[in-house]
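As provided, entry18.txt (compact mmCIF, C-alpha atoms) reads as follows.
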# COMPACT_ATOMS: atom_id res chain seq x y z
CA MET S 1 90.45 142.40 129.61
CA GLY S 2 94.19 142.56 129.05
CA ARG S 3 94.57 138.95 130.21
CA ALA S 4 91.81 137.83 127.85
CA VAL S 5 93.56 139.45 124.89
CA LEU S 6 96.84 137.85 125.93
CA LEU S 7 95.15 134.46 126.16
CA ALA S 8 93.55 134.90 122.74
CA VAL S 9 96.90 135.83 121.18
CA ALA S 10 98.55 132.82 122.84
CA LEU S 11 95.84 130.50 121.54
CA LEU S 12 96.17 131.92 118.04
CA GLY S 13 99.90 131.37 118.22
CA LEU S 14 99.32 127.77 119.26
CA PHE S 15 97.13 127.08 116.24
CA ALA S 16 99.24 129.09 113.82
CA GLN S 17 102.44 127.23 114.65
CA PRO S 18 101.61 123.93 112.88
CA LEU S 19 100.72 125.87 109.74
CA PHE S 20 104.15 127.47 109.67
CA ALA S 21 105.77 124.11 110.39
CA ALA S 22 103.87 122.55 107.49
CA ASP S 23 105.07 125.22 105.10
CA LYS S 24 108.74 125.01 106.10
CA ILE S 25 110.84 122.88 103.76
CA ASP S 26 112.59 120.35 105.95
CA PRO S 27 113.63 117.26 103.96
CA GLN S 28 115.14 115.53 106.98
CA ALA S 29 111.95 115.86 109.02
CA ASP S 30 109.92 114.70 106.00
CA PHE S 31 112.23 111.71 105.58
CA LYS S 32 111.76 110.65 109.20
CA ALA S 33 107.98 111.07 109.12
CA PHE S 34 107.75 109.21 105.79
CA ARG S 35 109.80 106.25 106.99
CA ASP S 36 108.03 106.11 110.36
CA TYR S 37 104.66 106.05 108.63
CA PHE S 38 105.47 102.96 106.56
CA THR S 39 107.45 101.06 109.17
CA LYS S 40 104.69 101.56 111.76
CA ARG S 41 101.94 100.70 109.31
CA PHE S 42 103.72 97.55 108.09
CA PRO S 43 105.69 96.42 111.16
CA LYS S 44 106.27 92.91 109.80
CA VAL S 45 107.96 94.10 106.61
CA PRO S 46 111.75 94.33 106.97
CA LEU S 47 112.93 97.82 106.03
CA ASN S 48 114.99 96.73 103.03
CA ASP S 49 112.12 94.65 101.69
CA PHE S 50 110.03 97.75 100.89
CA VAL S 51 112.04 98.05 97.66
CA ASN S 52 110.29 94.91 96.44
CA GLY S 53 107.02 96.81 96.24
CA PRO S 54 103.91 94.63 96.06
CA TYR S 55 105.91 91.49 96.91
CA SER S 56 106.66 92.93 100.33
CA MET S 57 102.93 93.31 100.93
CA ASP S 58 101.46 90.02 99.69
CA ALA S 59 102.82 86.53 100.41
CA ASP S 60 101.13 84.79 97.46
CA LEU S 61 102.35 87.40 95.03
CA ARG S 62 105.83 87.01 96.48
CA LYS S 63 105.81 83.26 95.84
CA GLN S 64 104.94 83.88 92.20
CA TRP S 65 107.69 86.46 91.91
CA VAL S 66 110.30 84.10 93.35
CA GLU S 67 109.33 81.54 90.70
CA ILE S 68 109.34 84.16 87.92
CA ASP S 69 112.72 85.51 89.01
CA ALA S 70 114.37 82.15 88.26
CA PHE S 71 114.14 83.29 84.62
CA PRO S 72 113.78 87.06 85.02
CA PRO S 73 111.72 88.71 82.30
CA TYR S 74 114.11 91.69 82.23
CA GLN S 75 117.09 89.50 81.33
CA PHE S 76 116.96 90.29 77.61
CA ALA S 77 116.93 94.02 78.36
CA LEU S 78 119.80 93.58 80.78
CA ASP S 79 121.94 91.81 78.17
CA LYS S 80 121.07 94.40 75.54
CA GLY S 81 121.83 97.24 77.96
CA LYS S 82 125.27 95.82 78.78
CA GLN S 83 126.10 95.54 75.12
CA MET S 84 124.85 99.07 74.42
CA PHE S 85 126.80 100.43 77.38
CA GLU S 86 130.04 98.88 76.19
CA THR S 87 129.67 99.71 72.50
CA PRO S 88 131.68 102.84 71.60
CA PHE S 89 129.98 105.87 70.01
CA ALA S 90 130.98 106.92 66.50
CA ASN S 91 133.71 109.10 68.05
CA GLY S 92 135.21 106.11 69.85
CA LYS S 93 134.15 107.16 73.34
CA THR S 94 131.70 105.23 75.53
CA TYR S 95 129.18 105.91 78.25
CA ALA S 96 131.86 105.05 80.76
CA ASP S 97 133.68 108.26 79.77
CA CYS S 98 130.72 110.38 80.91
CA PHE S 99 130.23 109.03 84.44
CA PRO S 100 132.08 108.71 87.71
CA ASN S 101 133.53 105.22 88.32
CA LYS S 102 133.06 104.60 84.60
CA GLY S 103 129.32 104.35 85.16
CA ILE S 104 129.48 101.16 87.23
CA GLY S 105 127.63 101.03 90.57
CA ILE S 106 126.45 104.65 90.52
CA ARG S 107 122.66 104.33 90.07
CA GLN S 108 122.06 104.98 93.78
CA ASN S 109 123.33 108.56 93.39
CA TYR S 110 120.63 109.54 90.88
CA PRO S 111 118.81 111.85 90.56
CA TYR S 112 121.12 114.59 91.72
CA PHE S 113 120.71 118.35 91.77
CA ASP S 114 123.03 120.03 89.28
CA THR S 115 124.08 123.34 90.77
CA LYS S 116 125.33 124.56 87.37
CA SER S 117 122.05 124.15 85.48
CA GLY S 118 119.88 124.54 88.57
CA GLU S 119 117.96 121.40 87.63
CA VAL S 120 117.45 117.85 88.78
CA VAL S 121 119.36 115.36 86.61
CA THR S 122 118.04 111.82 86.50
CA LEU S 123 120.08 108.88 85.25
CA ASP S 124 118.02 108.85 82.03
CA VAL S 125 118.72 112.54 81.42
CA ALA S 126 122.43 112.06 82.19
CA LEU S 127 122.60 109.22 79.65
CA ASN S 128 121.09 111.40 76.94
CA GLN S 129 123.38 114.28 77.89
CA CYS S 130 126.27 111.86 77.42
CA ARG S 131 124.97 110.76 74.03
CA GLN S 132 124.48 114.31 72.82
CA ALA S 133 127.90 115.41 74.10
CA ASN S 134 129.35 112.65 71.93
CA GLY S 135 127.40 113.54 68.82
CA GLU S 136 124.73 110.85 69.19
CA ALA S 137 120.97 111.37 68.96
CA PRO S 138 119.18 111.16 72.32
CA TYR S 139 117.05 108.12 73.10
CA ASP S 140 113.32 108.31 73.60
CA TYR S 141 112.70 108.42 77.36
CA ILE S 142 109.82 105.97 77.14
CA LYS S 143 111.12 103.29 74.80
CA GLU S 144 113.10 100.13 75.40
CA ASP S 145 116.61 101.36 74.51
CA MET S 146 116.63 103.74 77.46
CA ALA S 147 115.05 101.07 79.66
CA ALA S 148 117.77 98.58 78.64
CA LEU S 149 120.62 101.00 79.38
CA THR S 150 119.24 102.02 82.76
CA ALA S 151 118.46 98.37 83.58
CA TYR S 152 122.11 97.50 83.14
CA MET S 153 123.30 100.47 85.20
CA ALA S 154 120.80 99.66 87.96
CA TYR S 155 121.96 96.06 87.95
CA THR S 156 125.55 97.15 88.62
CA SER S 157 124.24 99.02 91.68
CA ARG S 158 122.08 96.27 93.14
CA GLY S 159 122.23 96.29 96.92
CA LYS S 160 123.86 99.73 97.11
CA PRO S 161 121.84 102.12 99.29
CA PHE S 162 120.22 105.20 97.81
CA ASP S 163 122.37 108.22 98.58
CA ILE S 164 120.48 111.27 97.34
CA LYS S 165 121.76 114.62 98.45
CA ILE S 166 120.01 117.95 98.65
CA PRO S 167 122.73 120.59 98.44
CA ASP S 168 122.56 123.79 100.40
CA ASP S 169 120.99 125.65 97.51
CA PRO S 170 117.53 127.22 97.58
CA ARG S 171 116.92 125.94 94.04
CA ALA S 172 117.56 122.36 95.19
CA LEU S 173 115.13 122.81 98.06
CA ALA S 174 112.59 124.31 95.67
CA ALA S 175 112.95 121.31 93.33
CA TYR S 176 112.50 118.94 96.26
CA ARG S 177 109.41 120.88 97.35
CA LYS S 178 107.93 120.80 93.84
CA GLY S 179 108.47 117.05 93.75
CA GLU S 180 106.75 116.67 97.09
CA GLU S 181 103.87 118.84 95.88
CA TYR S 182 103.52 116.81 92.70
CA PHE S 183 103.44 113.58 94.71
CA TYR S 184 100.63 114.76 96.98
CA THR S 185 98.58 116.74 94.46
CA ARG S 186 95.38 115.17 93.18
CA ARG S 187 94.96 115.26 89.43
CA GLY S 188 92.97 113.82 86.56
CA GLN S 189 89.23 113.37 86.33
CA LEU S 190 89.46 110.55 88.89
CA ASN S 191 91.00 113.01 91.38
CA PHE S 192 93.92 110.80 92.46
CA SER S 193 97.36 111.80 93.63
CA CYS S 194 100.42 109.54 93.61
CA ALA S 195 99.90 109.37 97.38
CA SER S 196 96.27 108.22 97.01
CA CYS S 197 97.58 104.85 95.79
CA HIS S 198 101.08 104.60 97.20
CA VAL S 199 100.53 106.10 100.67
CA GLN S 200 96.88 105.97 101.64
CA SER S 201 96.16 102.68 99.82
CA ALA S 202 99.59 101.01 99.92
CA GLY S 203 99.20 97.25 100.27
CA ASP S 204 95.55 97.34 99.20
CA HIS S 205 94.25 95.63 96.11
CA ILE S 206 93.20 97.53 93.04
CA ARG S 207 91.47 94.79 91.09
CA THR S 208 94.05 91.99 91.05
CA GLU S 209 97.05 94.22 91.68
CA VAL S 210 98.62 95.09 95.01
CA LEU S 211 99.57 98.73 95.37
CA ALA S 212 103.25 99.21 96.17
CA PRO S 213 104.24 101.44 99.10
CA ALA S 214 105.86 104.75 98.18
CA LEU S 215 108.81 103.88 100.41
CA GLY S 216 111.34 102.23 98.08
CA LEU S 217 109.06 102.63 95.09
CA VAL S 218 111.79 103.98 92.79
CA ALA S 219 114.48 101.48 93.82
CA ALA S 220 113.25 98.81 91.38
CA LEU S 221 113.18 101.02 88.28
CA PRO S 222 113.35 100.38 85.42
CA ILE S 223 110.87 97.52 85.49
CA TYR S 224 109.53 94.78 83.31
CA ARG S 225 105.74 94.86 83.60
CA SER S 226 103.66 91.92 82.52
CA GLU S 227 100.84 94.40 81.89
CA TRP S 228 103.06 96.19 79.35
CA GLY S 229 104.65 93.03 78.01
CA GLY S 230 107.99 94.81 78.12
CA MET S 231 110.37 97.09 79.95
CA GLY S 232 109.47 100.53 81.19
CA THR S 233 111.52 103.51 82.28
CA THR S 234 110.67 105.85 85.13
CA SER S 235 109.03 108.17 82.58
CA ARG S 236 106.86 105.33 81.31
CA ARG S 237 105.82 104.52 84.87
CA LEU S 238 104.85 108.12 85.61
CA THR S 239 103.05 108.76 82.33
CA SER S 240 101.03 105.56 82.64
CA CYS S 241 100.03 106.43 86.22
CA ASN S 242 98.82 109.82 84.98
CA SER S 243 96.78 108.27 82.18
CA GLN S 244 95.18 105.79 84.57
CA VAL S 245 93.68 108.64 86.59
CA ARG S 246 92.64 110.42 83.38
CA ALA S 247 95.28 113.13 83.60
CA VAL S 248 97.15 114.14 80.46
CA PRO S 249 100.73 112.97 81.08
CA LEU S 250 103.52 115.53 81.08
CA LYS S 251 106.39 115.41 78.65
CA PRO S 252 108.74 112.53 79.58
CA GLU S 253 111.43 113.87 81.94
CA ASP S 254 109.46 117.09 82.40
CA ASP S 255 110.94 119.08 85.27
CA LEU S 256 108.04 118.02 87.52
CA TYR S 257 108.67 114.33 86.79
CA ARG S 258 112.34 114.82 87.59
CA ASP S 259 111.43 116.67 90.78
CA VAL S 260 109.06 113.94 91.96
CA GLU S 261 111.73 111.30 91.29
CA TYR S 262 114.16 113.42 93.30
CA TYR S 263 111.69 113.64 96.19
CA LEU S 264 110.85 109.91 96.17
CA SER S 265 114.48 108.88 95.85
CA TYR S 266 115.41 111.07 98.81
CA MET S 267 112.59 109.46 100.80
CA SER S 268 114.19 106.08 99.94
CA ASN S 269 117.67 107.05 101.10
CA GLY S 270 119.44 104.12 102.70
CA LEU S 271 117.30 101.51 100.96
CA PRO S 272 119.05 99.22 98.45
CA ILE S 273 118.73 99.48 94.70
CA SER S 274 116.76 96.44 93.49
CA GLY S 275 116.37 97.31 89.82
CA PRO S 276 115.74 96.20 87.27
CA GLY S 277 112.51 94.89 88.69
CA ALA S 278 109.64 92.74 87.50
CA ARG S 279 106.07 93.66 88.27
CA PRO S 280 102.67 92.20 87.35
CA MET O 1 8.64 137.77 63.61
CA ASN O 2 8.56 136.57 67.11
CA ARG O 3 11.20 134.12 66.28
CA ALA O 4 13.19 136.86 64.63
CA MET O 5 12.64 139.13 67.61
CA ASN O 6 13.56 136.35 69.90
CA ARG O 7 16.74 135.90 67.95
CA THR O 8 17.61 139.58 68.20
CA LYS O 9 16.73 139.65 71.85
CA ARG O 10 18.71 136.61 72.57
CA PRO O 11 22.00 137.63 74.12
CA THR O 12 24.88 136.83 71.75
CA THR O 13 27.08 135.68 74.64
CA SER O 14 25.57 134.27 77.72
CA PRO O 15 27.81 134.02 80.86
CA THR O 16 28.02 130.26 80.27
CA ALA O 17 29.08 130.73 76.66
CA ASN O 18 31.53 133.35 77.76
CA ARG O 19 33.17 130.94 80.12
CA ARG O 20 33.22 128.27 77.42
CA LEU O 21 34.84 130.70 75.00
CA HIS O 22 37.35 131.73 77.58
CA ARG O 23 38.25 128.12 78.29
CA ARG O 24 38.68 127.43 74.57
CA ALA O 25 40.90 130.48 74.18
CA VAL O 26 43.06 129.41 77.10
CA SER O 27 43.24 125.85 75.73
CA LEU O 28 44.23 127.18 72.34
CA ALA O 29 46.89 129.38 73.88
CA ILE O 30 48.30 126.41 75.80
CA VAL O 31 48.28 124.26 72.68
CA LEU O 32 50.02 126.99 70.71
CA LEU O 33 52.52 127.51 73.49
CA LEU O 34 53.28 123.79 73.71
CA ALA O 35 53.56 123.62 69.96
CA GLY O 36 56.03 126.47 70.09
CA LEU O 37 58.06 124.74 72.77
CA ALA O 38 57.99 121.43 70.97
CA LYS O 39 59.25 123.02 67.80
CA PRO O 40 62.80 121.78 67.16
CA ALA O 41 65.58 124.22 68.24
CA VAL O 42 67.35 126.08 65.53
CA ALA O 43 70.20 123.89 64.26
CA ALA O 44 73.68 124.96 65.34
CA SER O 45 75.80 126.64 62.72
CA ALA O 46 79.50 126.53 61.91
CA ASP O 47 79.83 129.88 63.68
CA ASP O 48 78.22 128.45 66.83
CA PHE O 49 80.74 125.63 66.74
CA THR O 50 83.67 128.00 66.20
CA ALA O 51 82.58 130.08 69.19
CA ALA O 52 82.06 127.03 71.44
CA LEU O 53 85.39 125.52 70.38
CA ALA O 54 87.24 128.77 71.04
CA LYS O 55 85.86 128.87 74.59
CA ALA O 56 86.77 125.22 75.20
CA GLU O 57 90.26 125.63 73.81
CA ALA O 58 90.88 128.76 75.87
CA ALA O 59 89.92 126.88 79.05
CA GLU O 60 92.07 123.88 78.06
CA HIS O 61 94.98 126.25 77.38
CA ASP O 62 94.64 127.55 80.94
CA ALA O 63 94.57 123.98 82.25
CA ALA O 64 97.75 123.24 80.29
CA ALA O 65 99.45 126.25 81.86
CA LEU O 66 98.62 124.71 85.25
CA LYS O 67 99.94 121.31 83.97
CA ASN O 68 96.62 119.79 84.83
CA GLN O 69 94.76 118.74 81.71
CA TRP O 70 92.35 115.83 81.75
CA THR O 71 92.33 113.14 79.08
CA THR O 72 88.55 113.35 78.95
CA THR O 73 88.72 117.01 77.92
CA GLU O 74 90.96 116.06 75.03
CA THR O 75 88.56 113.29 74.03
CA GLU O 76 85.62 115.70 73.92
CA LEU O 77 87.63 118.25 71.93
CA LYS O 78 88.52 115.62 69.35
CA ALA O 79 84.89 114.46 69.19
CA ALA O 80 83.78 118.08 68.66
CA GLN O 81 86.21 118.57 65.80
CA ALA O 82 85.25 115.26 64.21
CA ALA O 83 81.54 116.10 64.42
CA ALA O 84 82.16 119.52 62.88
CA LYS O 85 84.19 117.94 60.10
CA ALA O 86 81.22 115.68 59.39
CA GLY O 87 78.96 118.75 59.27
CA ASN O 88 77.10 117.80 62.45
CA TYR O 89 77.28 121.13 64.24
CA ASP O 90 74.66 120.24 66.85
CA ASP O 91 76.88 117.48 68.23
CA ALA O 92 80.03 119.51 67.63
CA VAL O 93 78.72 122.33 69.85
CA LYS O 94 77.55 119.83 72.47
CA TYR O 95 81.00 118.16 72.65
CA ALA O 96 82.81 121.50 72.71
CA GLN O 97 80.63 122.68 75.60
CA LYS O 98 81.35 119.47 77.47
CA ALA O 99 85.08 119.94 76.84
CA GLU O 100 84.86 123.48 78.21
CA ALA O 101 83.10 122.24 81.36
CA LEU O 102 85.73 119.52 81.89
CA ALA O 103 88.60 121.96 81.32
CA ASN O 104 87.07 124.35 83.85
CA ALA O 105 86.74 121.50 86.35
CA SER O 106 90.43 120.62 85.89
CA ILE O 107 91.36 124.27 86.47
CA ALA O 108 89.26 124.35 89.64
CA GLN O 109 90.94 121.12 90.79
CA ALA O 110 94.43 122.54 90.19
CA ARG O 111 93.64 125.74 92.10
CA GLU O 112 92.06 123.88 95.00
CA GLN O 113 94.98 121.46 95.22
CA ALA O 114 97.57 124.23 95.00
CA ALA O 115 96.07 125.60 98.19
CA ASN O 116 95.43 122.32 100.00
CA TRP O 117 97.92 119.63 98.94
CA THR O 118 99.91 119.99 102.16
CA ALA O 119 96.94 118.57 104.08
CA ALA O 120 97.81 115.12 102.69
CA VAL O 121 101.52 115.18 103.56
CA ILE O 122 102.76 112.58 106.03
CA ARG O 123 103.73 114.39 109.24
Now that the file is in, can you turn its structure into structure tokens?
Amino acid sequence: MGRAVLLAVALLGLFAQPLFAADKIDPQADFKAFRDYFTKRFPKVPLNDFVNGPYSMDADLRKQWVEIDAFPPYQFALDKGKQMFETPFANGKTYADCFPNKGIGIRQNYPYFDTKSGEVVTLDVALNQCRQANGEAPYDYIKEDMAALTAYMAYTSRGKPFDIKIPDDPRALAAYRKGEEYFYTRRGQLNFSCASCHVQSAGDHIRTEVLAPALGLVAALPIYRSEWGGMGTTSRRLTSCNSQVRAVPLKPEDDLYRDVEYYLSYMSNGLPISGPGARP
Amino acid sequence: MNRAMNRTKRPTTSPTANRRLHRRAVSLAIVLLLAGLAKPAVAASADDFTAALAKAEAAEHDAAALKNQWTTTETELKAAQAAAKAGNYDDAVKYAQKAEALANASIAQAREQAANWTAAVIR
């Protein structure tokens, strides 16, 4: 009898263990599992090519992209962004005064967790913080001005590997966890999560489009989308994904959007920045 | 006289006539019942709409607190308000009830996912 009880307890322990493991927040283990999943599923795709999204998945689409990139559709935004970045504010200061290394080649370090505010700060949020600190009105997080500025900053970081850090702070881990939860949570009347398309269906067609893998997904942002006929920020990308599954989008740069960008950027650590990108 | 006597002797309701009468009564009752059912429902009032809208908006408020509203709920709410504005309270109530059902479904989805999202995580 005693042995039977012991055996039952041992069996329970065996089954209970994975549950505890699943609930533990372990970004490093998540990172390894995430990368292994994509590299094993797409063994022919070179690791750094995942940042090219659908073009890493489909040869024909890639050929079109190579042709398009001879005259990149984001070029106008890039030029405008450079000019905006270099134009002083009314007080004479510039964006360069707000950022490390004068704002050049730093995109790969965003988002970061700000231990003072206890929040995730994306590049878009940091740019508006800079504007407001210098007496300027913030830009709309969806519209083209913000897309142009971030396009220029991303361009100065092209090829630099993502270097997202999660400080030893329970709030940072909680933000990471919320981002992970947002990514995997099904929403909208169509009952889709981000992962439904970019993990489970990565590389598959959805009508004429090829779904980009979640690995490296954020490296190309901001992007010019032919579908939009213009540039789009990270917020625009997230809000349009929400609408497509019939979920009411959150406020641009809502804390959950920032958290999911933090999570996805951490998952892309080591992969090169490829933004600004061009997508169908 | 005989004829008159015969008349008085003649039973007023024979068993056959009784059955016939009974059948007619049942038929009439069925006809009346069907007529009653077929009668158009009482038209919805402004108060009915206000009550239905309040329930829908309360559910949608809960969905918003869970950051899980559906665009279709919003569409039905707008349709309900537009119908009410046009004085069509029947449709207004119908749209509000649909909005409430959708909002409740989004709440159920959020609660279910809060408990089960980890099942989809790459391990």
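Contacts from chain S to chain O at a cut-off of 9 Å (all atoms listed in the file) map to Ala22, Asp23, Ala29, Asp30, Lys32, Ala33, Phe34, Tyr37, Glu180, Glu181, Tyr182, Tyr184, Thr185, Arg186, Arg187, Gly188, Gln189, Asn191, Ala195, Val199, Ser243, Val245, Arg246, Ala247, Val248, Pro249 and Leu250 of chain S.
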Notebook entry, point to check: segment 96-98 of chain O: which residues within 9 Å, counting only C-alpha atoms, same-chain residues fewer than 2 positions away excluded, as a PyMOL selection string?
Noted result: chain O and resi 49+52-57+73+76-81+91-94+100-103
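All residues that come within 9 Å of the coordinates (122.2, 114.7, 93.2), counting only C-alpha atoms, are given as Asn109, Tyr110, Pro111, Tyr112, Phe113, Asp114, Val120, Val121, Thr122, Asp163, Ile164, Lys165, Ile166, Pro167 and Tyr262 of chain S.
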Margin query: Could you tell me how far atom CA of Arg279 of chain S sits from atom CA of Glu209 of chain S, in Å to one decimal place?
Written below: 9.7 Å
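Here atom CA of Lys116 of chain S stands at a distance of 27.9 Å from atom CA of Leu271 of chain S.
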Next item on the list: Within 12 Å of Leu238 of chain S, counting only C-alpha atoms, which residues show up once you throw out same-chain ones fewer than 6 positions away? Write them as a count of residues only, please.
Entry: 27
Next item on the list: Have a look at atom CA of Tyr95 of chain S and atom CA of Gln129 of chain S and let me know their distance in Å, one decimal.
Entry: 10.2 Å
Checklist line | Contacts of Ile104 of chain S at 7 Å (all atoms listed in the file; same-chain gap of 3+ positions) as a PyMOL selection string | finding: chain S and resi 101+153+156
Checklist line | Spatial neighbours of Ala137 of chain S, 9 Å, all atoms listed in the file, chain gap at least 5 places, as a VMD selection string | finding: chain S and resid 128 131 to 132
Which residues come within 8 Å of Leu215 of chain S, counting all atoms listed in the file, excluding same-chain residues fewer than 2 positions away, as a tab-separated table (two decimals) with C-alpha atoms, in the coordinates of the input?
chain	number	residue	atom	x	y	z
S	34	PHE	CA	107.75	109.21	105.79
S	35	ARG	CA	109.80	106.25	106.99
S	38	PHE	CA	105.47	102.96	106.56
S	50	PHE	CA	110.03	97.75	100.89
S	51	VAL	CA	112.04	98.05	97.66
S	213	PRO	CA	104.24	101.44	99.10
S	217	LEU	CA	109.06	102.63	95.09
S	264	LEU	CA	110.85	109.91	96.17
S	267	MET	CA	112.59	109.46	100.80
S	268	SER	CA	114.19	106.08	99.94
Checklist line | Which residue of S:Asp97, S:Pro138, S:Tyr152, S:Leu127 approaches Asp79 of chain S most closely, using all atoms listed in the file | finding: S:Tyr152
Might I get the box with edges along x, y and z of the file that holds all atoms of segment 24-34 of chain S listed there, padded by 6 Å on every side, given as centre and edge lengths in Å to one decimal, as JSON?
{"center_x": 111.4, "center_y": 117.1, "center_z": 106.5, "size_x": 19.4, "size_y": 27.8, "size_z": 17.4}
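The shortest atom-to-atom distance to Gly270 of chain S, with all atoms listed in the file taken into account, belongs to S:Phe162 out of S:Phe89, S:Phe162, S:Phe76, S:Phe71.
Minimum atom-to-atom distance to Glu119 of chain S, evaluated using only C-alpha atoms, belongs to S:Ala175 out of S:Ile106, S:Asn269, S:Ala175, S:Pro100.
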